[in-house]
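Engineer: Data file structure_4.pdb (PDB, C-alpha atoms (C1' of nucleotides) and all ligand atoms) is appended below.
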```
MODEL        1
ATOM      1  CA  MET A   1       0.000   0.000   0.000
ATOM      2  CA  ALA A   2       1.415   3.362  -0.985
ATOM      3  CA  HIS A   3       1.394   6.524   1.070
ATOM      4  CA  LEU A   4       0.753   9.965  -0.260
ATOM      5  CA  HIS A   5       4.413  10.718  -0.788
ATOM      6  CA  ASP A   6       4.691   7.751  -3.118
ATOM      7  CA  LEU A   7       2.354   9.267  -5.659
ATOM      8  CA  THR A   8       3.793  10.358  -8.963
ATOM      9  CA  LYS A   9       3.265  13.783 -10.420
ATOM     10  CA  ASN A  10       0.339  12.723 -12.584
ATOM     11  CA  GLN A  11      -1.265  10.746  -9.804
ATOM     12  CA  THR A  12      -0.993  13.732  -7.492
ATOM     13  CA  LEU A  13      -2.502  16.051 -10.058
ATOM     14  CA  VAL A  14      -5.433  13.738 -10.676
ATOM     15  CA  LEU A  15      -6.063  13.145  -6.988
ATOM     16  CA  ASP A  16      -5.955  16.877  -6.274
ATOM     17  CA  ALA A  17      -8.343  17.644  -9.096
ATOM     18  CA  LEU A  18     -10.716  14.956  -7.907
ATOM     19  CA  THR A  19     -10.542  16.072  -4.280
ATOM     20  CA  LYS A  20     -11.408  19.626  -5.236
ATOM     21  CA  TRP A  21     -14.164  18.504  -7.578
ATOM     22  CA  ASP A  22     -17.700  18.843  -6.326
ATOM     23  CA  GLY A  23     -19.146  15.368  -6.705
ATOM     24  CA  PRO A  24     -18.162  12.558  -9.052
ATOM     25  CA  ALA A  25     -16.001  13.392 -12.048
ATOM     26  CA  SER A  26     -15.620  11.548 -15.309
ATOM     27  CA  ALA A  27     -12.157  10.786 -16.614
ATOM     28  CA  TYR A  28     -12.700  13.219 -19.470
ATOM     29  CA  SER A  29     -13.822  16.055 -17.233
ATOM     30  CA  LEU A  30     -10.669  15.507 -15.183
ATOM     31  CA  LEU A  31      -8.685  15.605 -18.397
ATOM     32  CA  ASP A  32     -10.245  18.938 -19.319
ATOM     33  CA  GLN A  33      -9.510  20.219 -15.846
ATOM     34  CA  LEU A  34      -5.880  19.140 -16.113
ATOM     35  CA  ARG A  35      -5.081  20.454 -19.581
ATOM     36  CA  ALA A  36      -3.780  23.593 -17.902
ATOM     37  CA  GLN A  37      -1.239  21.404 -16.119
ATOM     38  CA  GLY A  38      -0.108  19.826 -19.351
ATOM     39  CA  PHE A  39      -2.363  16.807 -19.697
ATOM     40  CA  ARG A  40      -3.085  15.958 -23.298
ATOM     41  CA  ALA A  41      -4.568  12.471 -23.533
ATOM     42  CA  PRO A  42      -7.191  10.336 -21.755
ATOM     43  CA  LEU A  43      -4.653   7.698 -20.941
ATOM     44  CA  GLN A  44      -2.793  10.010 -18.620
ATOM     45  CA  VAL A  45      -5.918  10.272 -16.525
ATOM     46  CA  TYR A  46      -6.892   6.623 -16.724
ATOM     47  CA  ARG A  47      -3.446   5.454 -15.741
ATOM     48  CA  ALA A  48      -3.363   7.721 -12.718
ATOM     49  CA  LEU A  49      -6.888   6.689 -11.717
ATOM     50  CA  ASP A  50      -5.997   3.006 -11.947
ATOM     51  CA  LYS A  51      -3.191   3.471  -9.450
ATOM     52  CA  LEU A  52      -5.202   5.700  -7.146
ATOM     53  CA  ILE A  53      -7.978   3.116  -7.082
ATOM     54  CA  GLU A  54      -5.435   0.389  -6.385
ATOM     55  CA  TYR A  55      -4.152   2.456  -3.448
ATOM     56  CA  GLY A  56      -7.683   2.970  -2.146
ATOM     57  CA  LEU A  57      -7.565   6.738  -2.546
ATOM     58  CA  VAL A  58     -10.190   6.879  -5.264
ATOM     59  CA  HIS A  59     -13.331   4.904  -5.953
ATOM     60  CA  ARG A  60     -14.985   4.238  -9.252
ATOM     61  CA  LEU A  61     -18.757   4.671  -9.391
ATOM     62  CA  GLU A  62     -19.826   2.007 -11.831
ATOM     63  CA  SER A  63     -23.323   3.298 -12.362
ATOM     64  CA  LEU A  64     -21.989   6.713 -13.388
ATOM     65  CA  ASN A  65     -18.753   5.789 -15.142
ATOM     66  CA  SER A  66     -17.207   8.344 -12.826
ATOM     67  CA  PHE A  67     -14.759   8.648  -9.983
ATOM     68  CA  VAL A  68     -14.680  10.125  -6.494
ATOM     69  CA  ALA A  69     -11.916  10.729  -3.997
ATOM     70  CA  CYS A  70     -12.247   8.386  -1.034
ATOM     71  CA  ALA A  71     -14.117  10.027   1.809
ATOM     72  CA  HIS A  72     -11.922   8.256   4.358
ATOM     73  CA  PRO A  73      -8.509   8.265   2.726
ATOM     74  CA  HIS A  74      -6.725   7.318   5.938
ATOM     75  CA  ASP A  75      -8.633   4.059   6.358
ATOM     76  CA  HIS A  76      -6.381   2.375   3.917
ATOM     77  CA  ALA A  77      -7.855  -1.039   4.445
ATOM     78  CA  HIS A  78     -11.509  -0.186   4.495
ATOM     79  CA  GLY A  79     -13.564  -3.196   3.655
ATOM     80  CA  LEU A  80     -16.723  -3.148   1.639
ATOM     81  CA  VAL A  81     -17.889   0.342   0.808
ATOM     82  CA  ALA A  82     -21.295   1.510  -0.352
ATOM     83  CA  PHE A  83     -22.344   4.740  -1.998
ATOM     84  CA  ALA A  84     -25.528   6.776  -1.913
ATOM     85  CA  ILE A  85     -25.628   8.972  -4.986
ATOM     86  CA  CYS A  86     -28.086  11.820  -5.361
ATOM     87  CA  ASP A  87     -29.504  11.958  -8.881
ATOM     88  CA  THR A  88     -30.427  15.590  -8.417
ATOM     89  CA  CYS A  89     -27.332  17.280  -7.017
ATOM     90  CA  GLY A  90     -24.734  14.580  -7.600
ATOM     91  CA  GLN A  91     -23.653  14.436  -3.986
ATOM     92  CA  VAL A  92     -22.090  11.122  -3.006
ATOM     93  CA  ASP A  93     -22.187   9.645   0.459
ATOM     94  CA  GLU A  94     -19.698   6.881   1.158
ATOM     95  CA  PHE A  95     -20.414   4.489   3.980
ATOM     96  CA  SER A  96     -19.798   0.982   5.258
ATOM     97  CA  ASP A  97     -22.084  -1.569   6.798
ATOM     98  CA  GLU A  98     -20.701  -4.533   8.677
ATOM     99  CA  THR A  99     -23.902  -6.521   8.366
ATOM    100  CA  VAL A 100     -24.148  -6.095   4.629
ATOM    101  CA  GLU A 101     -20.517  -7.038   4.262
ATOM    102  CA  ARG A 102     -20.959 -10.142   6.403
ATOM    103  CA  ARG A 103     -24.034 -11.253   4.467
ATOM    104  CA  LEU A 104     -22.446 -10.848   1.069
ATOM    105  CA  LYS A 105     -19.245 -12.541   2.128
ATOM    106  CA  GLY A 106     -21.404 -15.277   3.591
ATOM    107  CA  TRP A 107     -23.165 -15.789   0.293
ATOM    108  CA  ALA A 108     -19.817 -15.965  -1.464
ATOM    109  CA  LYS A 109     -18.488 -18.531   0.984
ATOM    110  CA  GLU A 110     -21.601 -20.700   0.734
ATOM    111  CA  HIS A 111     -21.337 -20.685  -3.024
ATOM    112  CA  SER A 112     -17.551 -21.072  -3.158
ATOM    113  CA  PHE A 113     -17.387 -17.795  -5.018
ATOM    114  CA  ARG A 114     -13.939 -16.267  -4.645
ATOM    115  CA  LEU A 115     -14.904 -12.655  -4.095
ATOM    116  CA  ALA A 116     -12.550 -10.020  -5.464
ATOM    117  CA  LYS A 117     -14.541  -6.814  -5.408
ATOM    118  CA  THR A 118     -18.027  -5.685  -4.469
ATOM    119  CA  THR A 119     -19.932  -2.727  -5.864
ATOM    120  CA  ILE A 120     -22.843  -1.255  -3.925
ATOM    121  CA  GLU A 121     -24.426   1.901  -5.264
ATOM    122  CA  MET A 122     -27.729   3.373  -4.193
ATOM    123  CA  ARG A 123     -29.276   5.950  -6.485
ATOM    124  CA  GLY A 124     -31.960   8.314  -5.313
ATOM    125  CA  ILE A 125     -32.518  11.800  -3.973
ATOM    126  CA  CYS A 126     -30.682  13.120  -0.950
ATOM    127  CA  ALA A 127     -32.271  14.758   2.070
ATOM    128  CA  ASN A 128     -31.294  18.249   0.981
ATOM    129  CA  CYS A 129     -32.767  17.912  -2.477
ATOM    130  CA  THR A 130     -35.954  16.316  -1.153
ATOM    131  CA  ALA A 131     -36.415  19.231   1.235
ATOM    132  CA  GLN A 132     -36.264  21.751  -1.550
TER     133      GLN A 132
ATOM    134  CA  MET B 133     -46.256  -3.979 -15.256
ATOM    135  CA  ALA B 134     -46.391  -5.654 -18.652
ATOM    136  CA  HIS B 135     -46.729  -9.334 -19.365
ATOM    137  CA  LEU B 136     -44.929 -11.201 -22.064
ATOM    138  CA  HIS B 137     -47.695 -10.772 -24.594
ATOM    139  CA  ASP B 138     -47.428  -7.016 -24.284
ATOM    140  CA  LEU B 139     -43.925  -6.975 -25.698
ATOM    141  CA  THR B 140     -43.397  -5.437 -29.080
ATOM    142  CA  LYS B 141     -41.586  -7.196 -31.878
ATOM    143  CA  ASN B 142     -38.253  -5.542 -31.134
ATOM    144  CA  GLN B 143     -38.572  -6.105 -27.432
ATOM    145  CA  THR B 144     -39.314  -9.770 -28.022
ATOM    146  CA  LEU B 145     -36.358 -10.155 -30.348
ATOM    147  CA  VAL B 146     -33.990  -8.562 -27.855
ATOM    148  CA  LEU B 147     -35.313 -10.575 -24.928
ATOM    149  CA  ASP B 148     -35.033 -13.803 -26.892
ATOM    150  CA  ALA B 149     -31.498 -13.020 -27.953
ATOM    151  CA  LEU B 150     -30.534 -12.189 -24.393
ATOM    152  CA  THR B 151     -32.185 -15.283 -22.977
ATOM    153  CA  LYS B 152     -30.315 -17.522 -25.387
ATOM    154  CA  TRP B 153     -27.052 -15.694 -24.803
ATOM    155  CA  ASP B 154     -24.539 -17.406 -22.566
ATOM    156  CA  GLY B 155     -23.788 -14.815 -19.908
ATOM    157  CA  PRO B 156     -24.054 -11.041 -20.036
ATOM    158  CA  ALA B 157     -24.331  -9.373 -23.425
ATOM    159  CA  SER B 158     -23.462  -5.836 -24.432
ATOM    160  CA  ALA B 159     -25.943  -3.788 -26.406
ATOM    161  CA  TYR B 160     -23.663  -3.911 -29.422
ATOM    162  CA  SER B 161     -23.220  -7.663 -29.312
ATOM    163  CA  LEU B 162     -26.997  -7.963 -29.220
ATOM    164  CA  LEU B 163     -27.172  -5.640 -32.189
ATOM    165  CA  ASP B 164     -24.750  -7.839 -34.115
ATOM    166  CA  GLN B 165     -26.782 -10.883 -33.148
ATOM    167  CA  LEU B 166     -29.977  -9.247 -34.371
ATOM    168  CA  ARG B 167     -28.764  -7.878 -37.704
ATOM    169  CA  ALA B 168     -30.060 -11.070 -39.294
ATOM    170  CA  GLN B 169     -33.524 -10.097 -38.042
ATOM    171  CA  GLY B 170     -33.259  -6.661 -39.557
ATOM    172  CA  PHE B 171     -31.758  -4.569 -36.777
ATOM    173  CA  ARG B 172     -29.596  -1.755 -38.098
ATOM    174  CA  ALA B 173     -28.865   0.719 -35.324
ATOM    175  CA  PRO B 174     -27.861   0.706 -31.627
ATOM    176  CA  LEU B 175     -30.951   2.632 -30.685
ATOM    177  CA  GLN B 176     -33.189  -0.220 -31.643
ATOM    178  CA  VAL B 177     -31.460  -2.327 -29.026
ATOM    179  CA  TYR B 178     -31.230   0.367 -26.375
ATOM    180  CA  ARG B 179     -34.889   1.244 -26.688
ATOM    181  CA  ALA B 180     -35.957  -2.358 -26.295
ATOM    182  CA  LEU B 181     -33.585  -2.852 -23.355
ATOM    183  CA  ASP B 182     -34.960   0.217 -21.608
ATOM    184  CA  LYS B 183     -38.451  -1.187 -21.713
ATOM    185  CA  LEU B 184     -37.394  -4.694 -20.746
ATOM    186  CA  ILE B 185     -35.526  -3.299 -17.749
ATOM    187  CA  GLU B 186     -38.557  -1.219 -16.825
ATOM    188  CA  TYR B 187     -40.673  -4.386 -16.946
ATOM    189  CA  GLY B 188     -38.160  -6.246 -14.768
ATOM    190  CA  LEU B 189     -37.355  -8.806 -17.445
ATOM    191  CA  VAL B 190     -33.778  -7.676 -17.946
ATOM    192  CA  HIS B 191     -31.112  -6.323 -15.619
ATOM    193  CA  ARG B 192     -28.247  -4.052 -16.430
ATOM    194  CA  LEU B 193     -24.864  -4.975 -14.997
ATOM    195  CA  GLU B 194     -23.271  -1.622 -14.317
ATOM    196  CA  SER B 195     -19.782  -2.924 -13.785
ATOM    197  CA  LEU B 196     -19.799  -4.611 -17.197
ATOM    198  CA  ASN B 197     -21.907  -2.215 -19.251
ATOM    199  CA  SER B 198     -23.870  -5.296 -20.149
ATOM    200  CA  PHE B 199     -27.264  -6.873 -19.764
ATOM    201  CA  VAL B 200     -28.727 -10.166 -18.594
ATOM    202  CA  ALA B 201     -32.161 -11.689 -18.765
ATOM    203  CA  CYS B 202     -33.716 -11.851 -15.328
ATOM    204  CA  ALA B 203     -33.167 -15.233 -13.723
ATOM    205  CA  HIS B 204     -36.610 -15.101 -12.107
ATOM    206  CA  PRO B 205     -38.775 -13.425 -14.723
ATOM    207  CA  HIS B 206     -41.999 -14.413 -12.993
ATOM    208  CA  ASP B 207     -41.165 -12.562  -9.766
ATOM    209  CA  HIS B 208     -42.291  -9.355 -11.287
ATOM    210  CA  ALA B 209     -41.891  -7.375  -8.122
ATOM    211  CA  HIS B 210     -38.612  -8.730  -6.877
ATOM    212  CA  GLY B 211     -37.005  -6.321  -4.499
ATOM    213  CA  LEU B 212     -33.329  -5.675  -4.249
ATOM    214  CA  VAL B 213     -31.272  -7.985  -6.430
ATOM    215  CA  ALA B 214     -27.579  -8.766  -6.246
ATOM    216  CA  PHE B 215     -25.288 -10.363  -8.796
ATOM    217  CA  ALA B 216     -22.209 -12.525  -8.515
ATOM    218  CA  ILE B 217     -20.248 -12.280 -11.716
ATOM    219  CA  CYS B 218     -17.415 -14.638 -12.582
ATOM    220  CA  ASP B 219     -14.507 -12.791 -14.144
ATOM    221  CA  THR B 220     -13.243 -15.992 -15.715
ATOM    222  CA  CYS B 221     -16.255 -17.568 -17.397
ATOM    223  CA  GLY B 222     -18.702 -14.680 -17.292
ATOM    224  CA  GLN B 223     -21.390 -16.657 -15.496
ATOM    225  CA  VAL B 224     -23.820 -14.488 -13.563
ATOM    226  CA  ASP B 225     -25.668 -15.579 -10.450
ATOM    227  CA  GLU B 226     -28.665 -13.470  -9.483
ATOM    228  CA  PHE B 227     -29.838 -13.568  -5.896
ATOM    229  CA  SER B 228     -31.635 -11.619  -3.205
ATOM    230  CA  ASP B 229     -30.889 -11.113   0.437
ATOM    231  CA  GLU B 230     -33.527  -9.819   2.806
ATOM    232  CA  THR B 231     -31.004  -8.720   5.393
ATOM    233  CA  VAL B 232     -28.932  -6.725   2.958
ATOM    234  CA  GLU B 233     -32.058  -5.117   1.606
ATOM    235  CA  ARG B 234     -33.269  -4.217   5.083
ATOM    236  CA  ARG B 235     -29.906  -2.725   6.068
ATOM    237  CA  LEU B 236     -29.576  -0.594   2.973
ATOM    238  CA  LYS B 237     -33.156   0.612   3.169
ATOM    239  CA  GLY B 238     -32.510   1.358   6.814
ATOM    240  CA  TRP B 239     -29.516   3.481   5.968
ATOM    241  CA  ALA B 240     -31.577   5.357   3.404
ATOM    242  CA  LYS B 241     -34.363   5.988   5.879
ATOM    243  CA  GLU B 242     -31.983   7.189   8.590
ATOM    244  CA  HIS B 243     -30.417   9.607   6.163
ATOM    245  CA  SER B 244     -33.672  10.692   4.518
ATOM    246  CA  PHE B 245     -32.318   9.427   1.246
ATOM    247  CA  ARG B 246     -35.172   8.712  -1.151
ATOM    248  CA  LEU B 247     -33.927   5.452  -2.623
ATOM    249  CA  ALA B 248     -34.802   4.766  -6.245
ATOM    250  CA  LYS B 249     -32.511   1.939  -7.314
ATOM    251  CA  THR B 250     -29.763  -0.145  -5.784
ATOM    252  CA  THR B 251     -26.905  -1.852  -7.590
ATOM    253  CA  ILE B 252     -25.052  -4.724  -5.953
ATOM    254  CA  GLU B 253     -22.467  -6.541  -8.013
ATOM    255  CA  MET B 254     -19.862  -8.929  -6.709
ATOM    256  CA  ARG B 255     -16.963  -9.721  -8.985
ATOM    257  CA  GLY B 256     -14.775 -12.750  -8.484
ATOM    258  CA  ILE B 257     -14.284 -16.330  -9.601
ATOM    259  CA  CYS B 258     -17.057 -18.884  -9.468
ATOM    260  CA  ALA B 259     -16.828 -22.315  -7.888
ATOM    261  CA  ASN B 260     -16.498 -24.091 -11.230
ATOM    262  CA  CYS B 261     -13.661 -21.930 -12.422
ATOM    263  CA  THR B 262     -11.843 -22.159  -9.092
ATOM    264  CA  ALA B 263     -12.042 -25.940  -9.264
ATOM    265  CA  GLN B 264     -10.358 -26.042 -12.636
TER     266      GLN B 264
ATOM    267  C1'  DT C 265      27.599   0.525 -18.184
ATOM    268  C1'  DG C 266      23.868  -1.730 -19.441
ATOM    269  C1'  DG C 267      19.546  -3.877 -17.939
ATOM    270  C1'  DT C 268      15.037  -3.537 -16.278
ATOM    271  C1'  DA C 269      10.895  -1.951 -14.180
ATOM    272  C1'  DG C 270       7.783   1.757 -13.711
ATOM    273  C1'  DA C 271       6.055   5.846 -15.430
ATOM    274  C1'  DT C 272       5.021   8.916 -19.293
ATOM    275  C1'  DG C 273       3.659  10.991 -24.060
ATOM    276  C1'  DT C 274       0.930  10.589 -28.152
ATOM    277  C1'  DA C 275      -1.992   8.918 -31.768
ATOM    278  C1'  DA C 276      -5.290   5.974 -33.199
ATOM    279  C1'  DT C 277      -9.065   3.181 -32.455
ATOM    280  C1'  DA C 278     -12.618   0.628 -30.057
ATOM    281  C1'  DA C 279     -16.674   0.332 -27.219
ATOM    282  C1'  DC C 280     -20.717   2.252 -25.239
ATOM    283  C1'  DA C 281     -24.689   5.515 -25.429
ATOM    284  C1'  DT C 282     -27.655   9.514 -26.791
ATOM    285  C1'  DT C 283     -29.756  13.317 -29.591
ATOM    286  C1'  DA C 284     -32.487  14.683 -33.333
ATOM    287  C1'  DC C 285     -35.853  14.178 -36.675
ATOM    288  C1'  DG C 286     -39.292  12.110 -39.206
ATOM    289  C1'  DA C 287     -42.321   8.143 -40.359
ATOM    290  C1'  DT C 288     -45.524   4.709 -38.924
ATOM    291  C1'  DC C 289     -48.915   2.375 -36.371
ATOM    292  C1'  DC C 290     -52.820   2.245 -33.150
ATOM    293  C1'  DT C 291     -56.277   3.732 -30.093
ATOM    294  C1'  DT C 292     -59.661   7.043 -28.875
ATOM    295  C1'  DC C 293     -63.233   9.968 -29.401
ATOM    296  C1'  DG C 294     -65.822  14.030 -31.754
TER     297       DG C 294
ATOM    298  C1'  DC D 295     -65.248   8.202 -40.717
ATOM    299  C1'  DG D 296     -61.335  11.015 -39.627
ATOM    300  C1'  DA D 297     -58.447  13.947 -36.757
ATOM    301  C1'  DA D 298     -55.675  13.895 -32.410
ATOM    302  C1'  DG D 299     -52.478  11.995 -29.461
ATOM    303  C1'  DG D 300     -49.355   8.598 -27.914
ATOM    304  C1'  DA D 301     -46.228   4.879 -28.378
ATOM    305  C1'  DT D 302     -43.131   2.703 -31.331
ATOM    306  C1'  DC D 303     -39.881   2.501 -34.937
ATOM    307  C1'  DG D 304     -35.987   3.708 -38.578
ATOM    308  C1'  DT D 305     -31.891   6.115 -39.492
ATOM    309  C1'  DA D 306     -28.031   9.222 -39.272
ATOM    310  C1'  DA D 307     -25.154  11.778 -36.747
ATOM    311  C1'  DT D 308     -22.891  12.716 -32.745
ATOM    312  C1'  DG D 309     -21.291  12.366 -28.040
ATOM    313  C1'  DT D 310     -18.988   9.899 -24.273
ATOM    314  C1'  DT D 311     -16.056   6.477 -22.176
ATOM    315  C1'  DA D 312     -12.036   3.353 -22.470
ATOM    316  C1'  DT D 313      -8.200   0.743 -24.591
ATOM    317  C1'  DT D 314      -4.365  -0.659 -27.762
ATOM    318  C1'  DA D 315       0.013   0.186 -29.623
ATOM    319  C1'  DC D 316       4.331   1.980 -29.661
ATOM    320  C1'  DA D 317       8.006   5.129 -28.493
ATOM    321  C1'  DT D 318      10.438   7.495 -24.777
ATOM    322  C1'  DC D 319      12.018   8.675 -20.322
ATOM    323  C1'  DT D 320      13.669   7.938 -15.493
ATOM    324  C1'  DA D 321      15.382   5.784 -11.396
ATOM    325  C1'  DC D 322      17.686   2.115  -9.640
ATOM    326  C1'  DC D 323      21.021  -1.293  -9.310
ATOM    327  C1'  DA D 324      23.814  -5.724 -10.808
TER     328       DA D 324
HETATM  329 ZN    ZN E 401     -13.231   5.032   0.571
HETATM  330 ZN    ZN E 402     -29.135  15.999  -3.705
HETATM  331 ZN    ZN E 403     -34.287 -10.492 -11.764
HETATM  332 ZN    ZN E 404     -16.538 -19.020 -13.689
ENDMDL
END
```
Translate the structure described by the file into structure tokens.
Structural biologist:
Amino acid sequence: MAHLHDLTKNQTLVLDALTKWDGPASAYSLLDQLRAQGFRAPLQVYRALDKLIEYGLVHRLESLNSFVACAHPHDHAHGLVAFAICDTCGQVDEFSDETVERRLKGWAKEHSFRLAKTTIEMRGICANCTAQ
Amino acid sequence: MAHLHDLTKNQTLVLDALTKWDGPASAYSLLDQLRAQGFRAPLQVYRALDKLIEYGLVHRLESLNSFVACAHPHDHAHGLVAFAICDTCGQVDEFSDETVERRLKGWAKEHSFRLAKTTIEMRGICANCTAQ
DNA sequence: TGGTAGATGTAATAACATTACGATCCTTCG
DNA sequence: CGAAGGATCGTAATGTTATTACATCTACCA
């Protein structure tokens, strides 16, 4: 597992851009954001994102084809993570649930399914947006 | 909720193709499959898939950008559904878990998150593939 | 000094999805 | 009957997301 000081220049740029971004960002919107810093091609972003995801500093939101900075970047070994994504404002809430994790791992064990990665994404409307 | 006999010609063609398909299929692979039946453009597939998903007869696998026929097409009102997807052979196992559903709905309620749709996808290697 | 592993730069292409517009079919009701 | 409205369909063009291929650079060390 890498620490912050292990990040390369491109990885740092991408992580910074994503951290400052309000909500999930697509790889191409990050690219646009980073053109000022010399980025020219999608692959520069995708390569950095791959590493950041590997390090647990970024998560990919499968249902949006987008990326978010980890909300708990110091929990390097956080287990299963779930996301609540507001379809109105784009806000993303990252959380964990021990029970859900135990149940899904239990299913995998029962079925001899060698679990590598779990995606949990809830789509809906957040409290703020509902209130308005 | 529509029954089978309500499906249009295109919807029926897409559902049949998907049902016969071994594993998840992308929209474009379905299109290729259906060219013999006169399909010409991606939109023909996407439109049919949209309806089939709305009717609960097809599920979209977000982490694969692909689609599968529902494994329990007669449970028209099935609640939360989870998928275990084998990264080796592509086999997809569709299942439900009351506890997981209750926990996630509980989180949503606690946070006043108006939940519309939940995606749960486990990626890994299935029992068969592990054995080999 | 040369080898090698990781990171980078760039162009081209592939894969996935939507917008826009018009035609067609079908039901409903004046 | 015939117009109105809605759902479906056909087609082209375009937009968005992701990867392949290949050359280069850099740090490290046998
Ligand atoms: Zn996280
Ligand atoms: Zn919101
Ligand atoms: Zn189903
Ligand atoms: Zn398998």
Engineer: List, as a ChimeraX atom specification, every residue that the PyMOL selection byres (((not hetatm)) within 12 of (chain E and resi 403)) selects in the file provided.
Structural biologist: /B:184-193,199-215,224-228
Engineer: Please write out the residues within 10 Å of ligand ZN 404 (chain E) as JSON, numbers by chain, counting all atoms listed in the file.
Structural biologist: {"A": [113, 114], "B": [217, 218, 219, 220, 221, 222, 223, 224, 256, 257, 258, 259, 260, 261, 262, 263, 264]}
Engineer: Run through the PyMOL selection byres (((chain A and resi 62) around 10) and not hetatm) on the given coordinates and return the selected residues as a PyMOL selection string.
Structural biologist: (chain A and resi 59-61+63-67+119-121) or (chain B and resi 193-197+251+253)
Engineer: Within 9 Å of chain A, which residues of chain D show up when using only C-alpha atoms (C1' of nucleotides), listed as a PyMOL selection string?
Structural biologist: chain D and resi 310-313
Engineer: Just say which residues the PyMOL selection byres (((chain C and resi 271) around 10) and not hetatm) picks in this file, as a PDB file with C-alpha atoms (C1' of nucleotides), in the frame of the given file.
Structural biologist:
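Output below, filename expr35.pdb:
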```pdb
ATOM      1  CA  THR A   8       3.793  10.358  -8.963  1.00  0.00           C
ATOM      2  CA  LYS A   9       3.265  13.783 -10.420  1.00  0.00           C
ATOM      3  CA  ASN A  10       0.339  12.723 -12.584  1.00  0.00           C
ATOM      4  CA  ARG A  47      -3.446   5.454 -15.741  1.00  0.00           C
ATOM      5  CA  ALA A  48      -3.363   7.721 -12.718  1.00  0.00           C
TER       6      ALA A  48
ATOM      7  C1'  DA C 269      10.895  -1.951 -14.180  1.00  0.00           C
ATOM      8  C1'  DG C 270       7.783   1.757 -13.711  1.00  0.00           C
ATOM      9  C1'  DT C 272       5.021   8.916 -19.293  1.00  0.00           C
TER      10       DT C 272
ATOM     11  C1'  DC D 319      12.018   8.675 -20.322  1.00  0.00           C
ATOM     12  C1'  DT D 320      13.669   7.938 -15.493  1.00  0.00           C
TER      13       DT D 320
END
```
Engineer: Quick one: which chain A residues come within 9 Å of chain C, and what is the nearest atom pair for each with the distance in Å to one decimal, counting all atoms listed in the file, rows ordered by chain and ascending number, as a tab-separated table?
Structural biologist:
```
residue	atom	partner	partner_atom	distance
A:Thr8	CA	C:DA271	C1'	8.2
A:Arg40	CA	C:DT274	C1'	8.3
A:Ala41	CA	C:DT274	C1'	7.4
A:Gln44	CA	C:DT272	C1'	7.9
```
Engineer: Next, the residues of the selection above should be written as an mmCIF file, keeping the file's coordinate frame with C-alpha atoms.
Structural biologist:
```cif
data_model
loop_
_atom_site.group_PDB
_atom_site.id
_atom_site.type_symbol
_atom_site.label_atom_id
_atom_site.label_comp_id
_atom_site.auth_asym_id
_atom_site.auth_seq_id
_atom_site.Cartn_x
_atom_site.Cartn_y
_atom_site.Cartn_z
ATOM 1 C CA THR A 8 3.793 10.358 -8.963
ATOM 2 C CA ARG A 40 -3.085 15.958 -23.298
ATOM 3 C CA ALA A 41 -4.568 12.471 -23.533
ATOM 4 C CA GLN A 44 -2.793 10.010 -18.620
#
```
Engineer: With 6 Å on each side, where is the centre of the axis-aligned box around all listed atoms of stretch 165-178 of chain B, and how long are its edges in Å to one decimal, as JSON?
Structural biologist:
```
{"center_x": -30.2, "center_y": -4.2, "center_z": -33.0, "size_x": 18.7, "size_y": 25.7, "size_z": 25.2}
```
Engineer: From the set B:Leu247, B:Leu162, B:Leu145, B:Val232, which residue has the shortest atom-to-atom contact distance to ligand ZN 402 (chain E), counting all atoms listed in the file?
Structural biologist: B:Leu247
Engineer: Atom CA of A:Gln33 and atom C1' of D:DT308, how far apart in Å?
Structural biologist: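 That distance, rounded to one decimal, is 22.8 Å.
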Engineer: To one decimal in Å, tell me the separation between atom CA of B:His243 and atom CA of A:Thr99.
Structural biologist: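 So the answer is 17.5 Å.
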